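Asks: Got query_28.csv for you, CSV, C-alpha atoms and all ligand atoms:
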chain,number,residue,atom,x,y,z
A,1,MET,CA,35.7,101.7,18.9
A,2,SER,CA,37.7,100.5,15.8
A,3,LYS,CA,36.8,97.2,14.3
A,4,ILE,CA,38.9,94.2,15.4
A,5,THR,CA,40.7,92.5,12.5
A,6,ALA,CA,42.2,89.1,12.6
A,7,ALA,CA,46.0,89.0,11.9
A,8,ILE,CA,48.4,86.2,11.4
A,9,THR,CA,51.1,86.7,14.1
A,10,ALA,CA,53.2,83.6,13.7
A,11,VAL,CA,53.7,80.6,11.4
A,12,GLY,CA,55.2,77.2,11.6
A,13,GLY,CA,55.8,74.2,9.4
A,14,TYR,CA,56.9,70.6,9.1
A,15,VAL,CA,57.6,68.1,6.3
A,16,PRO,CA,58.9,64.6,6.8
A,17,ASP,CA,62.5,63.7,6.0
A,18,TYR,CA,61.9,61.1,3.3
A,19,VAL,CA,62.1,62.6,-0.2
A,20,LEU,CA,60.2,60.8,-3.0
A,21,THR,CA,61.8,62.2,-6.2
A,22,ASN,CA,60.5,61.9,-9.8
A,23,GLN,CA,63.4,59.6,-10.4
A,24,ILE,CA,62.2,57.2,-7.7
A,25,LEU,CA,58.7,57.3,-9.1
A,26,GLU,CA,60.1,56.3,-12.5
A,27,THR,CA,61.0,53.0,-10.9
A,28,MET,CA,57.5,52.5,-9.4
A,29,VAL,CA,55.1,53.5,-12.3
A,30,ASP,CA,55.2,54.2,-16.0
A,31,THR,CA,56.2,57.9,-15.8
A,32,ASN,CA,59.2,60.1,-16.3
A,33,ASP,CA,60.8,63.2,-14.8
A,34,GLU,CA,60.2,65.2,-17.9
A,35,TRP,CA,56.4,64.5,-18.0
A,36,ILE,CA,55.9,65.2,-14.3
A,37,THR,CA,58.0,68.4,-14.4
A,38,THR,CA,56.4,69.9,-17.5
A,39,ARG,CA,52.8,68.9,-16.7
A,40,THR,CA,52.9,69.7,-12.9
A,41,GLY,CA,56.1,71.5,-11.9
A,42,ILE,CA,56.8,68.9,-9.2
A,43,LYS,CA,60.3,67.5,-8.8
A,44,GLU,CA,59.9,65.8,-5.4
A,45,ARG,CA,57.6,65.4,-2.4
A,46,ARG,CA,58.0,64.4,1.2
A,47,ILE,CA,56.5,61.2,2.6
A,48,LEU,CA,55.8,60.2,6.2
A,49,LYS,CA,57.2,56.6,6.1
A,50,ASP,CA,56.5,55.7,9.8
A,51,LYS,CA,53.6,53.2,9.7
A,52,ASP,CA,52.4,54.2,13.2
A,53,LYS,CA,52.2,57.9,12.6
A,54,GLY,CA,49.2,59.7,11.1
A,55,THR,CA,48.3,63.3,10.2
A,56,SER,CA,48.3,64.3,13.8
A,57,PHE,CA,52.1,63.7,13.9
A,58,LEU,CA,52.6,66.2,11.1
A,59,ALA,CA,50.2,68.7,12.7
A,60,ILE,CA,51.8,68.5,16.1
A,61,GLU,CA,55.3,69.1,14.6
A,62,ALA,CA,54.1,72.1,12.7
A,63,ALA,CA,52.3,73.6,15.7
A,64,LYS,CA,55.3,72.9,18.0
A,65,ASP,CA,57.6,74.7,15.5
A,66,LEU,CA,55.3,77.8,15.6
A,67,LEU,CA,55.0,77.7,19.4
A,68,LYS,CA,58.8,77.5,19.9
A,69,LYS,CA,59.7,80.2,17.3
A,70,ASN,CA,57.0,82.6,18.6
A,71,ASN,CA,57.6,81.7,22.3
A,72,THR,CA,53.9,81.1,22.7
A,73,ASP,CA,52.5,79.5,25.9
A,74,PRO,CA,50.1,76.8,24.5
A,75,SER,CA,47.9,77.1,27.5
A,76,GLU,CA,47.0,80.6,26.2
A,77,ILE,CA,45.5,79.2,23.0
A,78,ASP,CA,41.7,79.5,22.9
A,79,MET,CA,41.0,77.2,20.0
A,80,VAL,CA,42.7,74.8,17.6
A,81,ILE,CA,41.3,74.2,14.1
A,82,LEU,CA,42.8,71.3,12.2
A,83,ALA,CA,42.2,71.7,8.5
A,84,THR,CA,42.6,68.2,7.0
A,85,ALA,CA,41.3,65.7,4.5
A,86,THR,CA,43.1,62.8,6.1
A,87,PRO,CA,42.2,62.7,9.8
A,88,ASP,CA,43.9,60.1,12.0
A,89,MET,CA,40.5,58.2,12.3
A,90,PRO,CA,36.8,58.8,11.6
A,91,VAL,CA,34.7,60.1,14.5
A,92,ALA,CA,37.4,61.0,17.1
A,93,SER,CA,38.4,64.6,16.3
A,94,THR,CA,42.1,64.6,15.3
A,95,GLY,CA,42.2,68.3,16.2
A,96,ALA,CA,41.3,67.5,19.8
A,97,TYR,CA,44.2,65.1,20.0
A,98,VAL,CA,46.6,67.6,18.4
A,99,ALA,CA,45.5,70.3,20.9
A,100,THR,CA,46.1,68.1,23.9
A,101,GLU,CA,49.5,66.9,22.6
A,102,ILE,CA,50.8,70.4,22.1
A,103,GLY,CA,49.6,71.5,25.6
A,104,ALA,CA,46.7,73.6,24.5
A,105,VAL,CA,44.8,72.6,27.6
A,106,ASN,CA,42.5,75.5,27.7
A,107,ALA,CA,41.4,75.2,24.0
A,108,PHE,CA,38.5,73.6,22.2
A,109,SER,CA,39.3,72.0,18.9
A,110,TYR,CA,37.8,70.4,15.8
A,111,ASP,CA,38.6,69.3,12.3
A,112,LEU,CA,37.6,71.3,9.3
A,113,SER,CA,37.3,69.4,6.0
A,114,ALA,CA,37.0,71.1,2.6
A,115,ALA,CA,39.6,69.0,0.7
A,116,CYS,CA,42.3,71.3,-0.8
A,117,SER,CA,40.4,74.4,0.4
A,118,SER,CA,40.4,73.3,4.1
A,119,PHE,CA,43.1,75.8,5.2
A,120,LEU,CA,41.6,78.7,3.2
A,121,PHE,CA,38.1,78.1,4.6
A,122,GLY,CA,39.8,77.6,8.1
A,123,MET,CA,41.3,81.1,7.7
A,124,SER,CA,37.8,82.5,7.3
A,125,VAL,CA,36.6,80.6,10.4
A,126,ALA,CA,39.6,81.6,12.5
A,127,ALA,CA,39.1,85.2,11.5
A,128,LYS,CA,35.5,85.2,12.4
A,129,TYR,CA,36.2,83.9,15.9
A,130,ILE,CA,38.8,86.6,16.4
A,131,GLU,CA,36.7,89.4,14.9
A,132,SER,CA,33.7,88.5,17.1
A,133,GLY,CA,35.9,89.4,20.1
A,134,SER,CA,35.2,86.0,21.7
A,135,TYR,CA,38.7,84.6,21.4
A,136,LYS,CA,42.2,86.0,21.4
A,137,LYS,CA,44.4,83.2,20.1
A,138,VAL,CA,43.2,80.8,17.4
A,139,LEU,CA,45.7,78.3,16.0
A,140,LEU,CA,44.9,77.1,12.5
A,141,ILE,CA,46.8,74.0,11.3
A,142,GLY,CA,46.7,72.5,7.8
A,143,ALA,CA,48.0,69.0,7.7
A,144,ASP,CA,47.6,66.0,5.4
A,145,LYS,CA,49.2,62.6,5.1
A,146,MET,CA,48.2,62.2,1.5
A,147,SER,CA,50.4,59.1,1.1
A,148,SER,CA,47.9,57.2,3.3
A,149,ILE,CA,45.1,57.5,0.7
A,150,LEU,CA,47.1,57.1,-2.5
A,151,ASP,CA,47.5,54.1,-4.8
A,152,TYR,CA,51.2,53.9,-5.7
A,153,THR,CA,50.5,52.0,-8.8
A,154,ASP,CA,48.3,54.7,-10.3
A,155,ARG,CA,50.5,57.2,-12.1
A,156,THR,CA,47.8,59.7,-12.5
A,157,THR,CA,47.6,60.4,-8.8
A,158,CYS,CA,50.6,59.1,-7.0
A,159,ILE,CA,53.0,61.6,-8.7
A,160,ILE,CA,51.0,64.6,-7.5
A,161,PHE,CA,50.6,64.5,-3.8
A,162,GLY,CA,52.9,64.7,-0.8
A,163,ASP,CA,52.7,64.9,3.1
A,164,GLY,CA,53.2,68.0,5.2
A,165,ALA,CA,51.8,70.5,7.6
A,166,GLY,CA,51.8,74.2,8.3
A,167,ALA,CA,50.3,76.3,11.1
A,168,ALA,CA,49.3,80.0,11.6
A,169,LEU,CA,48.3,81.8,14.7
A,170,PHE,CA,45.5,84.3,14.4
A,171,GLU,CA,45.2,87.2,16.9
A,172,PRO,CA,43.3,90.5,17.1
A,173,ASN,CA,44.9,93.5,15.5
A,174,ASN,CA,44.0,97.1,16.1
A,175,GLU,CA,45.9,98.6,13.2
A,176,GLY,CA,43.6,97.2,10.5
A,177,LEU,CA,46.0,94.5,9.5
A,178,GLY,CA,45.0,90.9,8.9
A,179,VAL,CA,42.1,89.5,6.9
A,180,GLN,CA,40.4,92.2,4.8
A,181,ASP,CA,38.1,90.3,2.5
A,182,GLU,CA,37.0,86.8,1.3
A,183,PHE,CA,35.1,85.1,-1.5
A,184,LEU,CA,34.4,81.4,-0.8
A,185,ARG,CA,32.4,79.0,-2.9
A,186,SER,CA,31.5,75.3,-3.4
A,187,ASP,CA,29.8,73.2,-6.0
A,188,GLY,CA,28.7,69.7,-5.0
A,189,GLY,CA,28.4,68.7,-8.7
A,190,GLY,CA,32.1,68.3,-8.6
A,191,ARG,CA,32.3,65.4,-6.2
A,192,GLU,CA,32.5,62.8,-8.9
A,193,PHE,CA,35.7,64.2,-10.3
A,194,LEU,CA,38.0,64.1,-7.2
A,195,LYS,CA,37.1,61.6,-4.5
A,196,ILE,CA,37.6,58.4,-2.5
A,197,ASP,CA,34.6,56.2,-3.3
A,198,ALA,CA,34.5,54.0,-0.2
A,199,GLY,CA,35.1,54.2,3.6
A,200,GLY,CA,32.5,56.8,4.3
A,201,SER,CA,28.8,56.4,5.2
A,202,LEU,CA,27.8,56.1,1.6
A,203,LEU,CA,29.9,53.1,0.9
A,204,PRO,CA,31.3,51.6,4.1
A,205,PRO,CA,34.4,49.4,3.9
A,206,SER,CA,33.8,45.8,2.8
A,207,GLU,CA,35.6,43.0,1.1
A,208,GLU,CA,34.1,44.2,-2.1
A,209,THR,CA,35.4,47.8,-1.7
A,210,LEU,CA,38.9,46.5,-0.9
A,211,LYS,CA,38.9,44.2,-3.9
A,212,ASN,CA,37.8,47.1,-6.1
A,213,ASN,CA,40.5,49.4,-4.8
A,214,GLN,CA,37.9,52.0,-3.7
A,215,HIS,CA,39.8,53.4,-0.7
A,216,VAL,CA,42.3,55.5,-2.6
A,217,VAL,CA,42.1,58.9,-4.4
A,218,PHE,CA,40.5,59.0,-7.8
A,219,GLN,CA,40.9,62.1,-9.9
A,220,ASP,CA,39.6,63.0,-13.3
A,221,GLY,CA,42.6,65.3,-13.7
A,222,LYS,CA,41.5,67.0,-16.9
A,223,THR,CA,38.1,68.0,-15.6
A,224,VAL,CA,39.5,69.2,-12.3
A,225,PHE,CA,42.2,71.2,-14.1
A,226,LYS,CA,39.6,73.0,-16.2
A,227,PHE,CA,37.6,74.1,-13.2
A,228,ALA,CA,40.6,74.9,-11.1
A,229,VAL,CA,42.4,77.0,-13.6
A,230,THR,CA,39.3,79.2,-14.2
A,231,LYS,CA,37.9,79.4,-10.7
A,232,MET,CA,41.2,80.2,-9.0
A,233,ALA,CA,41.9,83.0,-11.4
A,234,ASP,CA,38.3,84.3,-11.2
A,235,VAL,CA,38.3,84.6,-7.4
A,236,SER,CA,41.9,86.0,-7.2
A,237,GLU,CA,41.1,88.7,-9.7
A,238,LYS,CA,37.9,89.4,-7.8
A,239,MET,CA,39.9,90.1,-4.6
A,240,LEU,CA,41.9,92.8,-6.5
A,241,VAL,CA,38.9,94.4,-8.2
A,242,ARG,CA,36.7,94.4,-5.1
A,243,ASN,CA,39.4,96.0,-3.0
A,244,ASN,CA,40.5,98.5,-5.6
A,245,ILE,CA,44.1,97.1,-5.8
A,246,THR,CA,46.1,96.3,-8.9
A,247,GLY,CA,48.7,93.7,-9.5
A,248,ASP,CA,51.2,96.5,-8.8
A,249,ASP,CA,49.8,97.0,-5.3
A,250,LEU,CA,49.8,93.3,-4.5
A,251,ASP,CA,53.0,92.0,-2.8
A,252,TRP,CA,52.2,88.2,-2.9
A,253,LEU,CA,49.9,85.7,-4.4
A,254,VAL,CA,49.7,82.6,-2.1
A,255,PRO,CA,48.2,80.0,-4.3
A,256,HIS,CA,47.2,76.4,-3.6
A,257,GLN,CA,50.1,74.2,-5.0
A,258,ALA,CA,48.2,71.7,-7.2
A,259,ASN,CA,49.8,72.3,-10.5
A,260,ASN,CA,52.3,74.9,-11.7
A,261,ARG,CA,50.3,75.6,-14.8
A,262,ILE,CA,47.2,76.6,-12.6
A,263,ILE,CA,49.5,78.8,-10.5
A,264,GLU,CA,50.9,80.6,-13.5
A,265,ALA,CA,47.5,81.1,-15.2
A,266,THR,CA,46.2,82.7,-12.0
A,267,ALA,CA,49.3,85.0,-11.8
A,268,ARG,CA,48.9,85.9,-15.4
A,269,ARG,CA,45.2,86.9,-14.9
A,270,MET,CA,46.3,89.1,-12.0
A,271,LYS,CA,49.1,90.6,-14.1
A,272,LEU,CA,51.7,89.5,-11.5
A,273,PRO,CA,55.4,89.0,-12.1
A,274,GLU,CA,56.8,85.6,-11.1
A,275,ASP,CA,58.7,87.0,-8.1
A,276,LYS,CA,55.4,87.9,-6.4
A,277,VAL,CA,54.1,84.3,-6.5
A,278,MET,CA,54.8,81.9,-3.6
A,279,LYS,CA,55.8,78.5,-5.0
A,280,ASN,CA,57.1,75.4,-3.4
A,281,ILE,CA,55.3,72.8,-5.5
A,282,HIS,CA,58.6,71.6,-6.9
A,283,ARG,CA,59.7,70.5,-3.4
A,284,TYR,CA,56.6,69.3,-1.8
A,285,GLY,CA,54.0,68.5,-4.5
A,286,ASN,CA,50.4,69.0,-3.5
A,287,THR,CA,50.1,68.6,0.3
A,288,THR,CA,46.3,69.4,0.2
A,289,SER,CA,45.5,71.4,3.4
A,290,ALA,CA,49.2,72.2,4.0
A,291,THR,CA,50.1,74.0,0.8
A,292,LEU,CA,49.1,77.6,1.9
A,293,PRO,CA,50.7,77.5,5.4
A,294,LEU,CA,53.8,75.8,4.0
A,295,CYS,CA,54.1,78.7,1.6
A,296,LEU,CA,54.0,81.1,4.5
A,297,PHE,CA,56.5,79.0,6.4
A,298,ASP,CA,58.9,79.0,3.4
A,299,TYR,CA,58.5,82.7,2.6
A,300,GLU,CA,58.1,84.2,6.1
A,301,LYS,CA,61.4,86.0,6.1
A,302,LYS,CA,60.5,87.9,2.9
A,303,LEU,CA,57.2,89.2,4.2
A,304,LYS,CA,57.0,92.7,5.6
A,305,LYS,CA,54.4,94.4,7.8
A,306,GLY,CA,51.7,95.9,5.6
A,307,ASP,CA,52.3,93.6,2.6
A,308,ASN,CA,49.2,92.8,0.6
A,309,LEU,CA,48.6,89.0,0.1
A,310,VAL,CA,45.9,87.2,-1.8
A,311,PHE,CA,45.4,83.5,-0.9
A,312,ALA,CA,43.6,81.3,-3.4
A,313,SER,CA,42.7,77.6,-3.5
A,314,PHE,CA,40.7,75.0,-5.4
A,315,GLY,CA,39.9,71.5,-4.3
A,316,GLY,CA,37.6,68.5,-4.2
A,317,GLY,CA,33.9,69.0,-3.6
A,318,PHE,CA,34.4,71.3,-5.5
A,319,THR,CA,35.5,74.0,-3.0
A,320,TRP,CA,37.3,77.2,-3.9
A,321,GLY,CA,37.9,80.7,-2.9
A,322,ALA,CA,40.3,83.6,-2.2
A,323,ILE,CA,41.2,85.7,0.8
A,324,TYR,CA,42.8,89.1,0.9
A,325,LEU,CA,45.0,89.7,3.9
A,326,LYS,CA,47.5,92.4,5.1
A,327,TRP,CA,50.6,90.9,6.7
A,328,ALA,CA,51.1,92.0,10.3
A,329,TYR,CA,54.8,91.6,11.2
A,330,ASN,CA,58.4,91.7,10.1
A,331,SER,CA,60.4,88.6,11.1
B,401,LIG,O1,44.4,70.0,-5.5
B,401,LIG,C1,43.1,69.6,-5.8
B,401,LIG,C2,42.8,70.0,-7.2
B,401,LIG,N1,43.5,69.3,-8.2
B,401,LIG,C3,44.0,69.9,-9.2
B,401,LIG,O2,43.9,71.1,-9.4
B,401,LIG,C4,44.7,69.0,-10.3
B,401,LIG,C5,44.2,69.4,-11.6
B,401,LIG,N2,44.7,68.5,-12.7
B,401,LIG,C6,46.0,68.4,-13.1
B,401,LIG,O3,46.9,69.0,-12.5
B,401,LIG,C7,46.3,67.7,-14.3
B,401,LIG,O4,45.2,67.3,-15.0
B,401,LIG,C8,47.2,66.4,-14.1
B,401,LIG,C9,48.6,66.8,-13.6
B,401,LIG,C10,46.6,65.5,-13.0
B,401,LIG,C11,47.3,65.6,-15.4
B,401,LIG,O5,47.9,66.4,-16.4
B,401,LIG,P1,47.2,66.5,-17.8
B,401,LIG,O6,48.0,67.4,-18.6
B,401,LIG,O7,45.7,67.0,-17.6
B,401,LIG,O8,47.3,65.1,-18.3
B,401,LIG,P2,46.1,64.1,-18.9
B,401,LIG,O9,45.3,63.6,-17.8
B,401,LIG,O10,45.4,64.9,-20.0
B,401,LIG,O11,46.9,63.0,-19.6
B,401,LIG,C12,47.7,63.2,-20.7
B,401,LIG,C13,48.5,62.0,-21.1
B,401,LIG,C14,47.6,60.7,-21.1
B,401,LIG,O12,48.1,59.8,-22.1
B,401,LIG,P3,47.3,59.8,-23.5
B,401,LIG,O13,45.9,59.4,-23.2
B,401,LIG,O14,47.4,61.2,-24.1
B,401,LIG,O15,48.1,58.7,-24.2
B,401,LIG,C15,47.9,60.1,-19.7
B,401,LIG,O16,47.7,58.7,-19.7
B,401,LIG,O17,49.5,61.7,-20.1
B,401,LIG,C16,49.4,60.4,-19.5
B,401,LIG,N3,49.8,60.4,-18.2
B,401,LIG,C17,51.0,60.3,-17.8
B,401,LIG,N4,52.2,60.1,-18.5
B,401,LIG,C18,53.3,60.0,-17.8
B,401,LIG,C19,49.0,60.6,-17.1
B,401,LIG,N5,49.8,60.6,-15.9
B,401,LIG,C20,51.0,60.4,-16.4
B,401,LIG,C21,52.3,60.2,-15.7
B,401,LIG,N6,53.4,60.1,-16.4
B,401,LIG,N7,52.4,60.3,-14.4
For this file, write the structure as structure tokens.
Ligand code: UT7
Replies:
Amino acid sequence: MSKITAAITAVGGYVPDYVLTNQILETMVDTNDEWITTRTGIKERRILKDKDKGTSFLAIEAAKDLLKKNNTDPSEIDMVILATATPDMPVASTGAYVATEIGAVNAFSYDLSAACSSFLFGMSVAAKYIESGSYKKVLLIGADKMSSILDYTDRTTCIIFGDGAGAALFEPNNEGLGVQDEFLRSDGGGREFLKIDAGGSLLPPSEETLKNNQHVVFQDGKTVFKFAVTKMADVSEKMLVRNNITGDDLDWLVPHQANNRIIEATARRMKLPEDKVMKNIHRYGNTTSATLPLCLFDYEKKLKKGDNLVFASFGGGFTWGAIYLKWAYNS
């Protein structure tokens, strides 16, 4: 019997309507379009303005988009993995809520949290469930309402992130398409450099933590950049070498959208021309768990069955890695 591989068979996406441009940010903090564009590549990002909507809203919209486009009956879904760094609330699984809301009544669901690598690590998990033969339809959603954890007076973080969600359906494939290889890593020594200090079990919310503004993202950008630029290139190159493929054989790099300079450095190391690199950072900024599936959502029509894709990410923790996948359908 041939080995079962786990293929992506459909994608969906959603970004909120409100567009926060660099020009608007110029009126909020001491920054300018030229700095943001040259240092990050970002021109605008989407923000979920509704006060009563959390990450689940973004995830549900992305999942519904996928289900509708692919004509999938949600009751056939076996499991829903919600990759996120911004769950609706602590303790209650946001994934469980999302699964119920989209009608995945026969699924089990949970949240997977690995900061900006949440979706990448989720791809590995989804693939393993499929490859085991235990499940036939695994829906992986990457969603983050980053605006809920940002300080819009801190120019070093608020210009970077945006809100959004993307989804991918994983199913068994008997033609050898889908996930081929992975290399995933983490290093807890990195947690001081990209974090939210308070609100977790280490430093629960208090008057003090509120006063000290410890419930928002802190990033030592320079240090994170140094690690990200090296690690993402290392693991992406490893996928090529280990699988005996060259930049010529590769059709697409699907990189985490944290900084255009990191994306370009990774592509250079892989000897890839610009037109083989998926990019939407200029439109959405860094949407954390949603960057990879939003790339698929935006580029789906250009993808062809058999295309070689390398996904790569780097995020808080630190967490990072790469996955090599063969695309399974023409749209
Ligand atoms: O997705 C998770 C992983 N995250 C990443 O991979 C992000 C990695 N880091 C980065 O992308 C970059 O480090 C940033 C985009 C965050 C910052 O870019 P940078 O080139 O590393 O800037 P910097 O922190 O070295 O700051 C350079 C200067 C500083 O001024 P001085 O000290 O040279 O006078 C900053 O105060 O730029 C200043 N600066 C700004 N100026 C205008 C910092 N933020 C801004 C801003 N507008 N928004």
Asks: Counting only C-alpha atoms and all ligand atoms, figure out which residue out of A:Glu26, A:Glu274, A:Asp163, A:Asp249 gets nearest to ligand LIG 401 (chain B).
Replies: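 The closest residue to ligand LIG 401 (chain B) is A:Glu26.
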Asks: Using all atoms listed in the file, which residues of the polymer chains come no farther than 7 Å from ligand LIG 401 (chain B)? I'd like the answer as JSON, numbers by chain.
Replies: {"A": [30, 31, 32, 35, 36, 39, 40, 116, 155, 156, 157, 159, 160, 221, 222, 224, 225, 228, 258, 259, 286, 288, 314, 315, 316]}
Asks: Record the distance separating CA of Thr37 (chain A) and CA of Ala312 (chain A), expressed in Å with one decimal.
Replies: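 These atoms are spaced 22.2 Å apart.
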Asks: To one decimal place, how far is CA of Tyr135 (chain A) from CA of Leu58 (chain A) in Å?
Replies: 25.3 Å
Asks: Suppose you want the space between CA of Val125 (chain A) and CA of Lys302 (chain A); what is it in Å?
Replies: 26.1 Å
Asks: In terms of the shortest atom-to-atom distance over all atoms listed in the file, which of A:Ser148, A:Thr287, A:Asn243, A:Ser132 is closest to Lys3 (chain A)?
Replies: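 Looking only at the distances to Lys3 (chain A), the closest residue turns out to be A:Ser132.
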Asks: I need the residue nearest Gly178 (chain A) from this list: A:Ala328, A:Val19, A:Val217, A:Leu139. Use only C-alpha atoms for the distance.
Replies: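 Using only C-alpha atoms, the shortest distance to Gly178 (chain A) belongs to A:Ala328.
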Asks: Would you mind telling me which residue in A:Val179, A:Cys295, A:Ile263, A:Leu150 lies nearest to Met278 (chain A) when using all atoms listed in the file?
Replies: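 Of A:Val179, A:Cys295, A:Ile263, A:Leu150, the one nearest Met278 (chain A) is A:Cys295, counting all atoms listed in the file.
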Asks: Could you give me, as a VMD selection string, the residues within 12 Å of Asn213 (chain A), counting only C-alpha atoms and dropping anything in the same chain fewer than 4 positions from it?
Replies: chain A and resid 149 to 154 196 to 199 205 to 209 217 to 218
Asks: Quick one: residues within 9 Å of Gly164 (chain A), only C-alpha atoms counted, chain neighbours fewer than 3 positions away excluded, as a list in words?
Replies: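 Result of the neighbour search: Gly13, Tyr14, Val15, Pro16, Arg46, Ile47, Leu48, Thr55, Leu58, Ala59, Ala62, Gly142, Ala143, Asp144, Lys145, Met146, Tyr284, Thr287, Thr288, Ser289, Ala290, Thr291 and Leu294 of chain A.
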Asks: What would the list of residues within 12 Å of (55.2, 88.0, 2.2) (file frame) look like as a ChimeraX atom specification, if all atoms listed in the file are what count?
Replies: /A:8,11,250-254,275-279,293,295-311,325-331
Asks: Pick from A:Gly54, A:Pro90, A:Gly321, A:Gly133: nearest to Ser236 (chain A), with all atoms listed in the file counted?
Replies: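 Closest candidate: A:Gly321.
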Asks: Could you tell me which of A:Ala168, A:Ala96, A:Ala104, A:Val241 comes closest to Leu120 (chain A) if we count all atoms listed in the file?
Replies: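 That would be A:Ala168, the residue with the smallest distance to Leu120 (chain A).
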Asks: Determine, counting all atoms listed in the file, every residue of protein, DNA or RNA that lies within 10 Å of (49.5, 92.2, 16.8) in the file coordinates, then give the result as a PyMOL selection string.
Replies: chain A and resi 5-10+170-178+328-329
Asks: If you keep C-alpha atoms, can you produce a file of those selected residues as an mmCIF file, in the frame of the given file?
Replies:
data_model
loop_
_atom_site.group_PDB
_atom_site.id
_atom_site.type_symbol
_atom_site.label_atom_id
_atom_site.label_comp_id
_atom_site.auth_asym_id
_atom_site.auth_seq_id
_atom_site.Cartn_x
_atom_site.Cartn_y
_atom_site.Cartn_z
ATOM 1 C CA THR A 5 40.700 92.500 12.500
ATOM 2 C CA ALA A 6 42.200 89.100 12.600
ATOM 3 C CA ALA A 7 46.000 89.000 11.900
ATOM 4 C CA ILE A 8 48.400 86.200 11.400
ATOM 5 C CA THR A 9 51.100 86.700 14.100
ATOM 6 C CA ALA A 10 53.200 83.600 13.700
ATOM 7 C CA PHE A 170 45.500 84.300 14.400
ATOM 8 C CA GLU A 171 45.200 87.200 16.900
ATOM 9 C CA PRO A 172 43.300 90.500 17.100
ATOM 10 C CA ASN A 173 44.900 93.500 15.500
ATOM 11 C CA ASN A 174 44.000 97.100 16.100
ATOM 12 C CA GLU A 175 45.900 98.600 13.200
ATOM 13 C CA GLY A 176 43.600 97.200 10.500
ATOM 14 C CA LEU A 177 46.000 94.500 9.500
ATOM 15 C CA GLY A 178 45.000 90.900 8.900
ATOM 16 C CA ALA A 328 51.100 92.000 10.300
ATOM 17 C CA TYR A 329 54.800 91.600 11.200
#
Asks: Any idea what's packed within 10 Å of region 68-74 of chain A, counting all atoms listed in the file, ignoring anything in its chain fewer than 4 positions away? Could you give it as a list in words?
Replies: Thr9, Ala10, Val11, Gly12, Ala63, Lys64, Asp78, Ala99, Thr100, Ile102, Gly103, Ala104, Val105, Asn106, Ala107, Lys137, Leu139 and Leu169 of chain A
